[in-house]
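Source file: data_38.pdb (PDB, C-alpha atoms and all ligand atoms)
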ATOM      1  CA  MET H 987      92.943 118.627 108.909
ATOM      2  CA  PRO H 988      94.061 116.941 105.676
ATOM      3  CA  LEU H 989      92.573 117.708 102.259
ATOM      4  CA  PRO H 990      89.415 115.566 101.721
ATOM      5  CA  LYS H 991      89.918 113.025  98.972
ATOM      6  CA  ALA H 992      88.737 109.728  97.479
ATOM      7  CA  GLU H 993      91.075 106.812  96.981
ATOM      8  CA  LEU H 994      90.335 104.852  93.816
ATOM      9  CA  HIS H 995      93.402 102.651  93.361
ATOM     10  CA  LEU H 996      94.135 100.681  96.488
ATOM     11  CA  HIS H 997      94.774  96.954  96.790
ATOM     12  CA  ILE H 998      93.667  95.864 100.240
ATOM     13  CA  GLU H 999      96.348  93.134 100.265
ATOM     14  CA  GLY H1000      98.885  95.925  99.726
ATOM     15  CA  THR H1001      97.984  97.531 103.040
ATOM     16  CA  LEU H1002      99.353  94.681 105.162
ATOM     17  CA  GLU H1003     101.854  96.248 107.570
ATOM     18  CA  PRO H1004     104.582  94.113 109.214
ATOM     19  CA  GLU H1005     102.995  94.418 112.669
ATOM     20  CA  LEU H1006      99.629  93.078 111.492
ATOM     21  CA  ALA H1007     101.365  90.373 109.425
ATOM     22  CA  PHE H1008     103.057  89.080 112.592
ATOM     23  CA  GLU H1009      99.857  89.352 114.623
ATOM     24  CA  LEU H1010      97.873  87.340 112.072
ATOM     25  CA  ALA H1011     100.709  84.825 111.655
ATOM     26  CA  ALA H1012     100.674  84.164 115.418
ATOM     27  CA  ARG H1013      96.880  83.905 115.479
ATOM     28  CA  ASN H1014      96.835  81.403 112.606
ATOM     29  CA  GLY H1015      99.946  79.384 113.472
ATOM     30  CA  VAL H1016     101.749  80.522 110.303
ATOM     31  CA  THR H1017     105.544  80.779 110.496
ATOM     32  CA  LEU H1018     106.957  83.748 108.631
ATOM     33  CA  PRO H1019     110.535  83.555 107.313
ATOM     34  CA  TYR H1020     111.454  86.716 109.258
ATOM     35  CA  ALA H1021     112.664  86.935 112.853
ATOM     36  CA  SER H1022     111.028  90.247 113.692
ATOM     37  CA  THR H1023     108.880  93.084 112.385
ATOM     38  CA  GLU H1024     112.129  95.029 111.862
ATOM     39  CA  GLU H1025     113.547  92.285 109.655
ATOM     40  CA  LEU H1026     110.274  92.101 107.715
ATOM     41  CA  ARG H1027     110.230  95.898 107.401
ATOM     42  CA  ARG H1028     113.668  95.667 105.765
ATOM     43  CA  ALA H1029     112.314  93.084 103.287
ATOM     44  CA  TYR H1030     109.790  95.761 102.204
ATOM     45  CA  LEU H1031     112.772  97.636 100.725
ATOM     46  CA  PHE H1032     112.660  95.358  97.684
ATOM     47  CA  THR H1033     114.531  96.371  94.591
ATOM     48  CA  ASP H1034     112.446  95.096  91.688
ATOM     49  CA  LEU H1035     109.026  93.856  90.637
ATOM     50  CA  GLN H1036     109.790  90.188  91.227
ATOM     51  CA  SER H1037     111.060  90.664  94.777
ATOM     52  CA  PHE H1038     107.987  92.788  95.490
ATOM     53  CA  LEU H1039     105.619  90.143  94.105
ATOM     54  CA  ASP H1040     107.406  87.365  96.030
ATOM     55  CA  LEU H1041     106.944  89.248  99.288
ATOM     56  CA  TYR H1042     103.404  90.380  98.421
ATOM     57  CA  TYR H1043     102.090  86.903  97.629
ATOM     58  CA  GLY H1044     104.219  85.260 100.350
ATOM     59  CA  LEU H1045     102.797  87.419 103.126
ATOM     60  CA  MET H1046      99.209  86.708 102.066
ATOM     61  CA  ALA H1047      99.654  83.312 103.753
ATOM     62  CA  VAL H1048      98.768  84.978 107.063
ATOM     63  CA  LEU H1049      95.260  85.901 105.792
ATOM     64  CA  ARG H1050      93.103  82.868 106.610
ATOM     65  CA  THR H1051      89.799  83.778 108.244
ATOM     66  CA  GLU H1052      86.972  86.251 107.779
ATOM     67  CA  GLN H1053      88.241  88.072 110.865
ATOM     68  CA  ASP H1054      91.698  88.436 109.268
ATOM     69  CA  PHE H1055      90.213  90.173 106.229
ATOM     70  CA  ALA H1056      88.033  92.371 108.425
ATOM     71  CA  ASP H1057      91.081  93.340 110.520
ATOM     72  CA  LEU H1058      93.085  94.100 107.371
ATOM     73  CA  ALA H1059      90.343  96.407 106.064
ATOM     74  CA  ASP H1060      89.960  98.103 109.458
ATOM     75  CA  ALA H1061      93.697  98.798 109.668
ATOM     76  CA  TYR H1062      93.572 100.447 106.240
ATOM     77  CA  LEU H1063      90.464 102.491 107.063
ATOM     78  CA  ALA H1064      92.016 103.818 110.276
ATOM     79  CA  ARG H1065      95.104 105.022 108.388
ATOM     80  CA  ALA H1066      93.076 106.348 105.453
ATOM     81  CA  ALA H1067      90.878 108.399 107.796
ATOM     82  CA  GLU H1068      93.997 110.113 109.201
ATOM     83  CA  GLN H1069      94.995 111.004 105.632
ATOM     84  CA  GLY H1070      91.749 112.727 104.675
ATOM     85  CA  VAL H1071      90.144 109.861 102.753
ATOM     86  CA  ARG H1072      86.353 110.326 102.679
ATOM     87  CA  HIS H1073      85.561 107.666 100.084
ATOM     88  CA  ALA H1074      87.507 104.543  99.040
ATOM     89  CA  GLU H1075      86.981 102.089  96.186
ATOM     90  CA  ILE H1076      88.967  99.090  97.331
ATOM     91  CA  PHE H1077      90.481  96.346  95.158
ATOM     92  CA  PHE H1078      90.864  92.751  96.277
ATOM     93  CA  ASP H1079      92.437  89.742  94.544
ATOM     94  CA  PRO H1080      90.273  86.663  95.204
ATOM     95  CA  GLN H1081      92.354  84.354  92.995
ATOM     96  CA  ALA H1082      95.405  84.864  95.204
ATOM     97  CA  HIS H1083      93.375  83.656  98.185
ATOM     98  CA  MET H1084      91.334  80.902  96.552
ATOM     99  CA  ALA H1085      94.569  79.382  95.210
ATOM    100  CA  ARG H1086      95.622  78.760  98.813
ATOM    101  CA  GLY H1087      92.285  77.367  99.921
ATOM    102  CA  VAL H1088      90.603  80.500 101.259
ATOM    103  CA  SER H1089      87.064  80.800  99.913
ATOM    104  CA  MET H1090      85.384  83.728  98.187
ATOM    105  CA  GLU H1091      82.892  83.720 101.057
ATOM    106  CA  THR H1092      85.675  84.211 103.611
ATOM    107  CA  VAL H1093      87.334  87.024 101.655
ATOM    108  CA  VAL H1094      84.193  88.946 100.702
ATOM    109  CA  GLY H1095      82.569  88.190 104.044
ATOM    110  CA  GLY H1096      85.447  89.656 106.035
ATOM    111  CA  LEU H1097      86.052  92.677 103.830
ATOM    112  CA  SER H1098      82.393  93.588 103.457
ATOM    113  CA  ARG H1099      81.786  93.194 107.188
ATOM    114  CA  ALA H1100      84.432  95.855 107.869
ATOM    115  CA  LEU H1101      83.274  98.092 105.013
ATOM    116  CA  ALA H1102      79.589  97.932 105.986
ATOM    117  CA  THR H1103      80.256 100.170 108.999
ATOM    118  CA  SER H1104      83.225 102.142 107.623
ATOM    119  CA  GLU H1105      81.223 105.337 107.513
ATOM    120  CA  GLU H1106      80.070 105.223 111.166
ATOM    121  CA  ARG H1107      83.469 104.171 112.460
ATOM    122  CA  PHE H1108      85.893 106.017 110.178
ATOM    123  CA  GLY H1109      83.855 108.578 108.228
ATOM    124  CA  ILE H1110      84.719 106.819 104.961
ATOM    125  CA  SER H1111      82.185 105.551 102.432
ATOM    126  CA  THR H1112      83.443 102.455 100.621
ATOM    127  CA  LEU H1113      82.918 100.281  97.555
ATOM    128  CA  LEU H1114      84.550  96.975  96.701
ATOM    129  CA  ILE H1115      86.111  96.138  93.309
ATOM    130  CA  MET H1116      87.128  92.559  92.526
ATOM    131  CA  CYS H1117      90.290  92.230  90.432
ATOM    132  CA  PHE H1118      91.323  89.410  88.132
ATOM    133  CA  LEU H1119      95.007  88.470  87.989
ATOM    134  CA  ARG H1120      95.920  89.101  84.358
ATOM    135  CA  ASP H1121      98.884  86.712  84.425
ATOM    136  CA  GLN H1122      96.411  83.891  85.048
ATOM    137  CA  SER H1123      94.090  82.487  82.401
ATOM    138  CA  ALA H1124      90.868  83.998  81.093
ATOM    139  CA  GLU H1125      89.137  80.769  82.204
ATOM    140  CA  SER H1126      90.330  81.303  85.757
ATOM    141  CA  ALA H1127      88.980  84.855  85.670
ATOM    142  CA  MET H1128      85.602  83.567  84.459
ATOM    143  CA  GLU H1129      85.519  80.930  87.239
ATOM    144  CA  THR H1130      86.299  83.674  89.743
ATOM    145  CA  LEU H1131      83.428  85.804  88.464
ATOM    146  CA  LYS H1132      81.092  82.797  88.772
ATOM    147  CA  ALA H1133      82.303  82.162  92.324
ATOM    148  CA  ALA H1134      81.518  85.785  93.155
ATOM    149  CA  GLU H1135      77.946  85.714  91.851
ATOM    150  CA  PRO H1136      76.314  85.045  95.247
ATOM    151  CA  TYR H1137      78.112  88.111  96.646
ATOM    152  CA  LEU H1138      77.532  90.638  93.884
ATOM    153  CA  ASN H1139      75.310  92.761  96.113
ATOM    154  CA  ARG H1140      78.549  93.628  97.938
ATOM    155  CA  ILE H1141      80.791  94.092  94.867
ATOM    156  CA  THR H1142      80.511  97.217  92.708
ATOM    157  CA  GLY H1143      82.879  96.421  89.894
ATOM    158  CA  VAL H1144      85.684  94.386  88.379
ATOM    159  CA  GLY H1145      89.308  95.263  87.687
ATOM    160  CA  LEU H1146      92.410  93.706  86.183
ATOM    161  CA  ASP H1147      95.809  93.726  87.912
ATOM    162  CA  SER H1148      99.222  92.036  88.368
ATOM    163  CA  ALA H1149     101.973  91.678  85.748
ATOM    164  CA  GLU H1150     100.830  93.622  82.691
ATOM    165  CA  VAL H1151     103.278  93.095  79.843
ATOM    166  CA  GLY H1152     102.329  90.121  77.669
ATOM    167  CA  HIS H1153      98.793  90.025  79.073
ATOM    168  CA  PRO H1154      96.834  92.524  76.958
ATOM    169  CA  PRO H1155      93.298  93.518  77.979
ATOM    170  CA  ALA H1156      91.663  91.650  75.068
ATOM    171  CA  LYS H1157      92.545  88.360  76.780
ATOM    172  CA  PHE H1158      89.683  89.152  79.197
ATOM    173  CA  ARG H1159      87.033  90.257  76.694
ATOM    174  CA  GLU H1160      84.517  87.546  77.606
ATOM    175  CA  VAL H1161      84.757  87.913  81.350
ATOM    176  CA  TYR H1162      84.288  91.686  81.062
ATOM    177  CA  GLU H1163      81.272  91.164  78.804
ATOM    178  CA  GLU H1164      79.815  88.851  81.431
ATOM    179  CA  ALA H1165      80.619  91.350  84.204
ATOM    180  CA  GLY H1166      78.749  93.983  82.194
ATOM    181  CA  ARG H1167      75.717  91.681  81.892
ATOM    182  CA  LEU H1168      75.814  91.251  85.677
ATOM    183  CA  GLY H1169      75.653  95.023  86.115
ATOM    184  CA  LEU H1170      79.203  95.471  87.397
ATOM    185  CA  ARG H1171      81.280  98.612  86.808
ATOM    186  CA  LYS H1172      84.549  98.123  84.920
ATOM    187  CA  VAL H1173      88.095  99.330  85.417
ATOM    188  CA  ALA H1174      91.467  97.834  84.436
ATOM    189  CA  HIS H1175      95.152  98.450  85.054
ATOM    190  CA  ALA H1176      96.574  99.574  81.711
ATOM    191  CA  GLY H1177      99.649 101.531  80.692
ATOM    192  CA  GLU H1178     101.571 100.938  83.912
ATOM    193  CA  GLU H1179     104.461  99.219  82.135
ATOM    194  CA  GLY H1180     102.495  98.132  79.078
ATOM    195  CA  PRO H1181     102.218 100.213  75.886
ATOM    196  CA  PRO H1182      99.594 102.942  75.313
ATOM    197  CA  ALA H1183      97.819 100.518  72.951
ATOM    198  CA  TYR H1184      96.773  98.545  76.047
ATOM    199  CA  ILE H1185      94.914 101.649  77.256
ATOM    200  CA  THR H1186      93.005 101.905  73.984
ATOM    201  CA  GLU H1187      92.283  98.183  74.086
ATOM    202  CA  ALA H1188      90.954  98.369  77.648
ATOM    203  CA  LEU H1189      88.562 101.128  76.536
ATOM    204  CA  ASP H1190      87.488  99.543  73.242
ATOM    205  CA  VAL H1191      87.412  95.852  74.108
ATOM    206  CA  LEU H1192      86.760  95.764  77.854
ATOM    207  CA  LYS H1193      84.649  98.960  77.868
ATOM    208  CA  VAL H1194      86.280 100.174  81.071
ATOM    209  CA  GLU H1195      85.154 103.452  82.607
ATOM    210  CA  ARG H1196      88.448 104.242  84.325
ATOM    211  CA  ILE H1197      92.076 103.410  83.605
ATOM    212  CA  ASP H1198      94.216 102.332  86.538
ATOM    213  CA  HIS H1199      97.676 103.908  86.065
ATOM    214  CA  GLY H1200      97.607 105.018  82.410
ATOM    215  CA  LEU H1201     101.123 106.359  82.917
ATOM    216  CA  THR H1202     102.344 105.421  79.434
ATOM    217  CA  ALA H1203      99.490 107.309  77.710
ATOM    218  CA  MET H1204     101.933 110.201  77.372
ATOM    219  CA  ARG H1205     103.895 108.223  74.770
ATOM    220  CA  ASP H1206     101.010 108.500  72.284
ATOM    221  CA  PRO H1207      99.381 111.885  71.590
ATOM    222  CA  ALA H1208      96.329 110.210  70.019
ATOM    223  CA  VAL H1209      95.685 108.257  73.225
ATOM    224  CA  VAL H1210      96.061 111.423  75.300
ATOM    225  CA  GLU H1211      93.656 113.255  72.993
ATOM    226  CA  ARG H1212      91.036 110.566  73.385
ATOM    227  CA  LEU H1213      91.404 110.341  77.185
ATOM    228  CA  VAL H1214      91.068 114.128  77.400
ATOM    229  CA  ARG H1215      88.103 114.280  75.015
ATOM    230  CA  ASP H1216      86.158 111.591  76.860
ATOM    231  CA  GLN H1217      87.453 112.655  80.296
ATOM    232  CA  ILE H1218      88.394 109.082  81.160
ATOM    233  CA  PRO H1219      89.810 109.145  84.694
ATOM    234  CA  LEU H1220      93.343 107.870  85.334
ATOM    235  CA  THR H1221      94.200 106.512  88.787
ATOM    236  CA  LEU H1222      97.893 107.369  88.962
ATOM    237  CA  CYS H1223     100.144 105.938  91.682
ATOM    238  CA  PRO H1224     103.375 107.980  91.663
ATOM    239  CA  LEU H1225     105.121 106.314  94.635
ATOM    240  CA  SER H1226     104.385 102.890  93.165
ATOM    241  CA  ASN H1227     105.873 103.980  89.819
ATOM    242  CA  VAL H1228     109.137 104.898  91.539
ATOM    243  CA  ARG H1229     109.352 101.777  93.724
ATOM    244  CA  LEU H1230     108.603  99.473  90.775
ATOM    245  CA  ARG H1231     110.982 101.456  88.569
ATOM    246  CA  ALA H1232     108.457 102.595  85.956
ATOM    247  CA  ILE H1233     110.216 105.931  86.526
ATOM    248  CA  ASP H1234     113.568 106.554  88.211
ATOM    249  CA  ILE H1235     112.748 109.359  90.619
ATOM    250  CA  LEU H1236     109.551 111.106  91.665
ATOM    251  CA  GLU H1237     110.826 114.412  90.257
ATOM    252  CA  GLU H1238     110.534 112.834  86.795
ATOM    253  CA  HIS H1239     106.887 111.831  87.198
ATOM    254  CA  PRO H1240     104.781 113.322  84.354
ATOM    255  CA  LEU H1241     101.808 114.213  86.612
ATOM    256  CA  ARG H1242     102.163 117.959  85.983
ATOM    257  CA  GLU H1243     102.342 117.478  82.226
ATOM    258  CA  MET H1244      99.385 115.077  82.337
ATOM    259  CA  MET H1245      97.270 117.591  84.253
ATOM    260  CA  ALA H1246      98.347 120.401  81.912
ATOM    261  CA  ALA H1247      97.288 118.264  78.936
ATOM    262  CA  GLY H1248      93.771 118.161  80.367
ATOM    263  CA  LEU H1249      93.803 114.542  81.536
ATOM    264  CA  LEU H1250      91.493 113.694  84.427
ATOM    265  CA  CYS H1251      94.248 112.641  86.848
ATOM    266  CA  THR H1252      93.841 111.244  90.344
ATOM    267  CA  VAL H1253      96.612 110.341  92.800
ATOM    268  CA  ASN H1254      96.470 107.094  94.771
ATOM    269  CA  SER H1255      98.645 104.819  96.892
ATOM    270  CA  ASP H1256      98.293 101.397  95.126
ATOM    271  CA  ASP H1257      99.994  99.164  97.767
ATOM    272  CA  PRO H1258     100.795 101.676 100.514
ATOM    273  CA  SER H1259     102.517  99.448 103.050
ATOM    274  CA  TYR H1260     104.970  98.348 100.359
ATOM    275  CA  PHE H1261     105.433 101.576  98.391
ATOM    276  CA  GLY H1262     106.289 104.001 101.163
ATOM    277  CA  GLY H1263     103.099 105.911 101.832
ATOM    278  CA  TYR H1264      99.343 106.140 102.113
ATOM    279  CA  VAL H1265      97.413 108.509  99.863
ATOM    280  CA  GLY H1266      97.887 111.637 101.980
ATOM    281  CA  ASP H1267     101.641 110.898 102.087
ATOM    282  CA  THR H1268     101.516 110.520  98.301
ATOM    283  CA  PHE H1269      99.876 113.951  97.925
ATOM    284  CA  HIS H1270     102.653 115.453 100.086
ATOM    285  CA  ALA H1271     105.363 113.657  98.130
ATOM    286  CA  VAL H1272     104.168 114.849  94.711
ATOM    287  CA  GLN H1273     103.581 118.349  96.051
ATOM    288  CA  GLU H1274     107.231 118.530  97.126
ATOM    289  CA  ALA H1275     108.829 116.656  94.239
ATOM    290  CA  LEU H1276     106.841 118.360  91.479
ATOM    291  CA  GLY H1277     106.234 121.714  93.118
ATOM    292  CA  LEU H1278     102.446 121.476  92.902
ATOM    293  CA  ASP H1279     100.596 124.474  94.291
ATOM    294  CA  HIS H1280      97.488 124.347  96.468
ATOM    295  CA  GLU H1281      95.122 124.701  93.532
ATOM    296  CA  ALA H1282      96.712 121.717  91.786
ATOM    297  CA  LEU H1283      96.212 119.658  94.941
ATOM    298  CA  ARG H1284      92.609 120.839  95.126
ATOM    299  CA  THR H1285      92.131 119.810  91.483
ATOM    300  CA  LEU H1286      93.463 116.325  92.270
ATOM    301  CA  ALA H1287      91.074 116.033  95.224
ATOM    302  CA  ARG H1288      88.149 117.285  93.130
ATOM    303  CA  ASN H1289      89.062 114.822  90.365
ATOM    304  CA  SER H1290      89.087 111.930  92.836
ATOM    305  CA  PHE H1291      85.425 112.506  93.660
ATOM    306  CA  ARG H1292      84.485 113.242  90.033
ATOM    307  CA  ALA H1293      86.084 109.936  89.008
ATOM    308  CA  SER H1294      84.479 107.872  91.764
ATOM    309  CA  PHE H1295      81.562 105.481  91.223
ATOM    310  CA  LEU H1296      78.988 107.518  93.118
ATOM    311  CA  GLU H1297      76.490 107.786  90.246
ATOM    312  CA  ASP H1298      73.577 106.543  92.320
ATOM    313  CA  ASP H1299      74.489 108.926  95.102
ATOM    314  CA  GLU H1300      74.977 112.327  93.498
ATOM    315  CA  GLU H1301      73.989 114.067  96.719
ATOM    316  CA  ARG H1302      76.977 112.471  98.413
ATOM    317  CA  ARG H1303      79.332 113.391  95.579
ATOM    318  CA  ALA H1304      78.129 117.003  95.755
ATOM    319  CA  ARG H1305      78.736 117.038  99.520
ATOM    320  CA  TYR H1306      82.286 115.715  99.114
ATOM    321  CA  LEU H1307      83.030 118.207  96.328
ATOM    322  CA  ALA H1308      81.752 121.042  98.515
ATOM    323  CA  GLU H1309      84.191 119.905 101.243
ATOM    324  CA  VAL H1310      87.038 120.116  98.718
ATOM    325  CA  GLU H1311      86.051 123.621  97.602
ATOM    326  CA  ALA H1312      85.681 124.820 101.201
ATOM    327  CA  TYR H1313      89.052 123.414 102.296
ATOM    328  CA  THR H1314      91.659 125.917 103.447
ATOM    329  CA  PHE H1315      95.330 124.951 103.246
ATOM    330  CA  ASP H1316      97.454 125.952 106.234
TER     331      ASP H1316
HETATM  332 ZN    ZN M   1      97.468  98.595  91.251
END
Take the structure from the file and write it as structure tokens.
Ligand SMILES: [Zn+2]
Amino acid sequence: MPLPKAELHLHIEGTLEPELAFELAARNGVTLPYASTEELRRAYLFTDLQSFLDLYYGLMAVLRTEQDFADLADAYLARAAEQGVRHAEIFFDPQAHMARGVSMETVVGGLSRALATSEERFGISTLLIMCFLRDQSAESAMETLKAAEPYLNRITGVGLDSAEVGHPPAKFREVYEEAGRLGLRKVAHAGEEGPPAYITEALDVLKVERIDHGLTAMRDPAVVERLVRDQIPLTLCPLSNVRLRAIDILEEHPLREMMAAGLLCTVNSDDPSYFGGYVGDTFHAVQEALGLDHEALRTLARNSFRASFLEDDEERRARYLAEVEAYTFD
């Protein structure tokens, strides 16, 4: 039995495996520029951010109907369950779908239909977080939030993702203020490739409760001190950092140093079908590469539940934490 854990940094579009991509392409009459799942699988071995983004956005063309989004979520949940995930807070990128004529209703409808019964079917409680693409305009983000208003009973929070450098958090001040007025929780990608100042800005200007990535915090002791003092959770994605070349090799990932500094670190998969592993695989990979002992892994699992948005369900959080404490490693 794998270590129980929550996954807090997971883009549902990044869980599209080649087999499902071909299945959905056939169902929707979409022609993919790959002859076979094997050829597509080889394309997943991209070498830089741009080739990843080209593939990532290109493959989304197969996602057309509510059923497609429900099937995508189900495929993730089935894999996550095998990897010990007990709770998942799942990102989606509505702008990437609306730009190709797929409505908010279709996207949220399909995802939330799958998530509504995730606990009965997969033993995983779920929340949905809507991300804005930071390389698009602040106006577009605001329009997206407006389009989501009829569905906010199914959306817990907002996030900010895609290409970071040159798109500082402050660009989205107004839309985050509006999200706050609507009662949404707030997170943002910051300090993945961008400077530590983006982390501070996300906290001060966007009032986020969690930092997605936060890898570059280690470049600024004052930022580390603040994150430690306020116990702001970081949703680190070590395999993603290697594949997108934020670091060269996993052995050089600063996770150990970050934990030793007192940062509230969690480990997540980001876009698992593209980055070489789901969250349980990621735990194994960092354990091996960084020599983490069982107690460090238990700390990461504990942190994942501490950092999750379960405030209105403390009984559930306590139950998950008890599972972590009771876990025996083999
Ligand atoms: Zn991400």
Could you tell me, counting only C-alpha atoms and all ligand atoms, which protein and nucleic acid residues lie no more than 12 Å from ligand ZN 1 (chain M), written as a PDB file with C-alpha atoms, in the frame of the given file?
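This went into selection-v7.pdb:
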ATOM      1  CA  GLU H 993      91.075 106.812  96.981  1.00  0.00           C
ATOM      2  CA  LEU H 994      90.335 104.852  93.816  1.00  0.00           C
ATOM      3  CA  HIS H 995      93.402 102.651  93.361  1.00  0.00           C
ATOM      4  CA  LEU H 996      94.135 100.681  96.488  1.00  0.00           C
ATOM      5  CA  HIS H 997      94.774  96.954  96.790  1.00  0.00           C
ATOM      6  CA  ILE H 998      93.667  95.864 100.240  1.00  0.00           C
ATOM      7  CA  GLU H 999      96.348  93.134 100.265  1.00  0.00           C
ATOM      8  CA  GLY H1000      98.885  95.925  99.726  1.00  0.00           C
ATOM      9  CA  THR H1001      97.984  97.531 103.040  1.00  0.00           C
ATOM     10  CA  ILE H1076      88.967  99.090  97.331  1.00  0.00           C
ATOM     11  CA  PHE H1077      90.481  96.346  95.158  1.00  0.00           C
ATOM     12  CA  PHE H1078      90.864  92.751  96.277  1.00  0.00           C
ATOM     13  CA  ASP H1079      92.437  89.742  94.544  1.00  0.00           C
ATOM     14  CA  ILE H1115      86.111  96.138  93.309  1.00  0.00           C
ATOM     15  CA  CYS H1117      90.290  92.230  90.432  1.00  0.00           C
ATOM     16  CA  PHE H1118      91.323  89.410  88.132  1.00  0.00           C
ATOM     17  CA  LEU H1119      95.007  88.470  87.989  1.00  0.00           C
ATOM     18  CA  ARG H1120      95.920  89.101  84.358  1.00  0.00           C
ATOM     19  CA  GLY H1145      89.308  95.263  87.687  1.00  0.00           C
ATOM     20  CA  LEU H1146      92.410  93.706  86.183  1.00  0.00           C
ATOM     21  CA  ASP H1147      95.809  93.726  87.912  1.00  0.00           C
ATOM     22  CA  SER H1148      99.222  92.036  88.368  1.00  0.00           C
ATOM     23  CA  ALA H1149     101.973  91.678  85.748  1.00  0.00           C
ATOM     24  CA  GLU H1150     100.830  93.622  82.691  1.00  0.00           C
ATOM     25  CA  VAL H1173      88.095  99.330  85.417  1.00  0.00           C
ATOM     26  CA  ALA H1174      91.467  97.834  84.436  1.00  0.00           C
ATOM     27  CA  HIS H1175      95.152  98.450  85.054  1.00  0.00           C
ATOM     28  CA  ALA H1176      96.574  99.574  81.711  1.00  0.00           C
ATOM     29  CA  GLY H1177      99.649 101.531  80.692  1.00  0.00           C
ATOM     30  CA  GLU H1178     101.571 100.938  83.912  1.00  0.00           C
ATOM     31  CA  GLU H1179     104.461  99.219  82.135  1.00  0.00           C
ATOM     32  CA  ILE H1197      92.076 103.410  83.605  1.00  0.00           C
ATOM     33  CA  ASP H1198      94.216 102.332  86.538  1.00  0.00           C
ATOM     34  CA  HIS H1199      97.676 103.908  86.065  1.00  0.00           C
ATOM     35  CA  GLY H1200      97.607 105.018  82.410  1.00  0.00           C
ATOM     36  CA  LEU H1201     101.123 106.359  82.917  1.00  0.00           C
ATOM     37  CA  LEU H1220      93.343 107.870  85.334  1.00  0.00           C
ATOM     38  CA  THR H1221      94.200 106.512  88.787  1.00  0.00           C
ATOM     39  CA  LEU H1222      97.893 107.369  88.962  1.00  0.00           C
ATOM     40  CA  CYS H1223     100.144 105.938  91.682  1.00  0.00           C
ATOM     41  CA  PRO H1224     103.375 107.980  91.663  1.00  0.00           C
ATOM     42  CA  LEU H1225     105.121 106.314  94.635  1.00  0.00           C
ATOM     43  CA  SER H1226     104.385 102.890  93.165  1.00  0.00           C
ATOM     44  CA  ASN H1227     105.873 103.980  89.819  1.00  0.00           C
ATOM     45  CA  LEU H1230     108.603  99.473  90.775  1.00  0.00           C
ATOM     46  CA  VAL H1253      96.612 110.341  92.800  1.00  0.00           C
ATOM     47  CA  ASN H1254      96.470 107.094  94.771  1.00  0.00           C
ATOM     48  CA  SER H1255      98.645 104.819  96.892  1.00  0.00           C
ATOM     49  CA  ASP H1256      98.293 101.397  95.126  1.00  0.00           C
ATOM     50  CA  ASP H1257      99.994  99.164  97.767  1.00  0.00           C
ATOM     51  CA  PRO H1258     100.795 101.676 100.514  1.00  0.00           C
ATOM     52  CA  TYR H1260     104.970  98.348 100.359  1.00  0.00           C
ATOM     53  CA  PHE H1261     105.433 101.576  98.391  1.00  0.00           C
TER      54      PHE H1261
END
Reference answer for the PyMOL selection byres (((chain H and resi 1132-1140) around 9) and not hetatm), as a ChimeraX atom specification:
/H:1090-1091,1094-1095,1098,1113-1114,1116,1127-1131,1141-1143,1168,1170
**Prompt:** Can you list what the PyMOL selection byres (((chain H and resi 1019) around 12) and not hetatm) grabs from this structure, as a list of chain:residue names?
**Reply:**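 Applying the PyMOL selection byres (((chain H and resi 1019) around 12) and not hetatm) to the structure shown produces H:Ala1007, H:Phe1008, H:Ala1011, H:Val1016, H:Thr1017, H:Leu1018, H:Tyr1020, H:Ala1021, H:Ser1022, H:Thr1023, H:Glu1025, H:Leu1026, H:Ala1029, H:Leu1041, H:Gly1044, H:Leu1045, H:Ala1047, H:Val1048.
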* Within 8 Å of Pro988 (chain H) using all atoms listed in the file, minus same-chain residues under 5 positions, as a ChimeraX atom specification -> /H:1068-1070,1266
Excluding same-chain residues fewer than 4 positions from Leu1283 (chain H), what lies within 8 Å of it counting all atoms listed in the file, as an mmCIF file with C-alpha atoms, keeping the file's coordinate frame?
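The resulting file, selection30.cif, is reproduced below:
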data_model
loop_
_atom_site.group_PDB
_atom_site.id
_atom_site.type_symbol
_atom_site.label_atom_id
_atom_site.label_comp_id
_atom_site.auth_asym_id
_atom_site.auth_seq_id
_atom_site.Cartn_x
_atom_site.Cartn_y
_atom_site.Cartn_z
ATOM 1 C CA PHE H 1269 99.876 113.951 97.925
ATOM 2 C CA GLN H 1273 103.581 118.349 96.051
ATOM 3 C CA LEU H 1278 102.446 121.476 92.902
ATOM 4 C CA ASP H 1279 100.596 124.474 94.291
ATOM 5 C CA ALA H 1287 91.074 116.033 95.224
#
**Request:** For CA of Ala1066 (chain H) and CA of Tyr1264 (chain H), quote the distance in Å rounded to one decimal.
**Result:**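 Between CA of Ala1066 (chain H) and CA of Tyr1264 (chain H) the gap works out to 7.1 Å.
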Report task. Run through the PyMOL selection byres (((chain H and resi 1100) around 12) and not hetatm) on the given coordinates and return the selected residues as a PyMOL selection string. Result -> chain H and resi 998+1052-1064+1076+1093-1099+1101-1108+1110-1114+1140
Quick one: residues within 10 Å of Glu1274 (chain H), only C-alpha atoms, excluding same-chain residues fewer than 6 positions away - as number ranges by chain? H: 1236-1237, 1268
- Rank nothing, just name the residue among H:Leu1035, H:Ala1082, H:Cys1251, H:Leu1189 nearest to Val1228 (chain H), using all atoms listed in the file.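 Smallest separation from Val1228 (chain H) among the options: H:Leu1035.
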Excluding same-chain residues fewer than 3 positions from Glu1163 (chain H), what lies within 12 Å of it counting all atoms listed in the file, as an NGL selection string?
:H and (1128 or 1131 or 1144 or 1156-1160 or 1166-1172 or 1190-1194)
**d(CA of Gly1180 (chain H), CA of Ala1232 (chain H)) in Å** =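 About the pair CA of Gly1180 (chain H) and CA of Ala1232 (chain H): they are 10.1 Å apart.
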In Å and to one decimal, CA of Ser1037 (chain H) is distant from CA of Ile1233 (chain H) by 17.4 Å
| said: Under the rule that all atoms listed in the file are counted, which of H:Tyr1162, H:Tyr1043, H:Phe1295, H:Tyr1313 is the nearest residue to His1083 (chain H)? | reply: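 Nearest candidate to His1083 (chain H) out of H:Tyr1162, H:Tyr1043, H:Phe1295, H:Tyr1313: H:Tyr1043.
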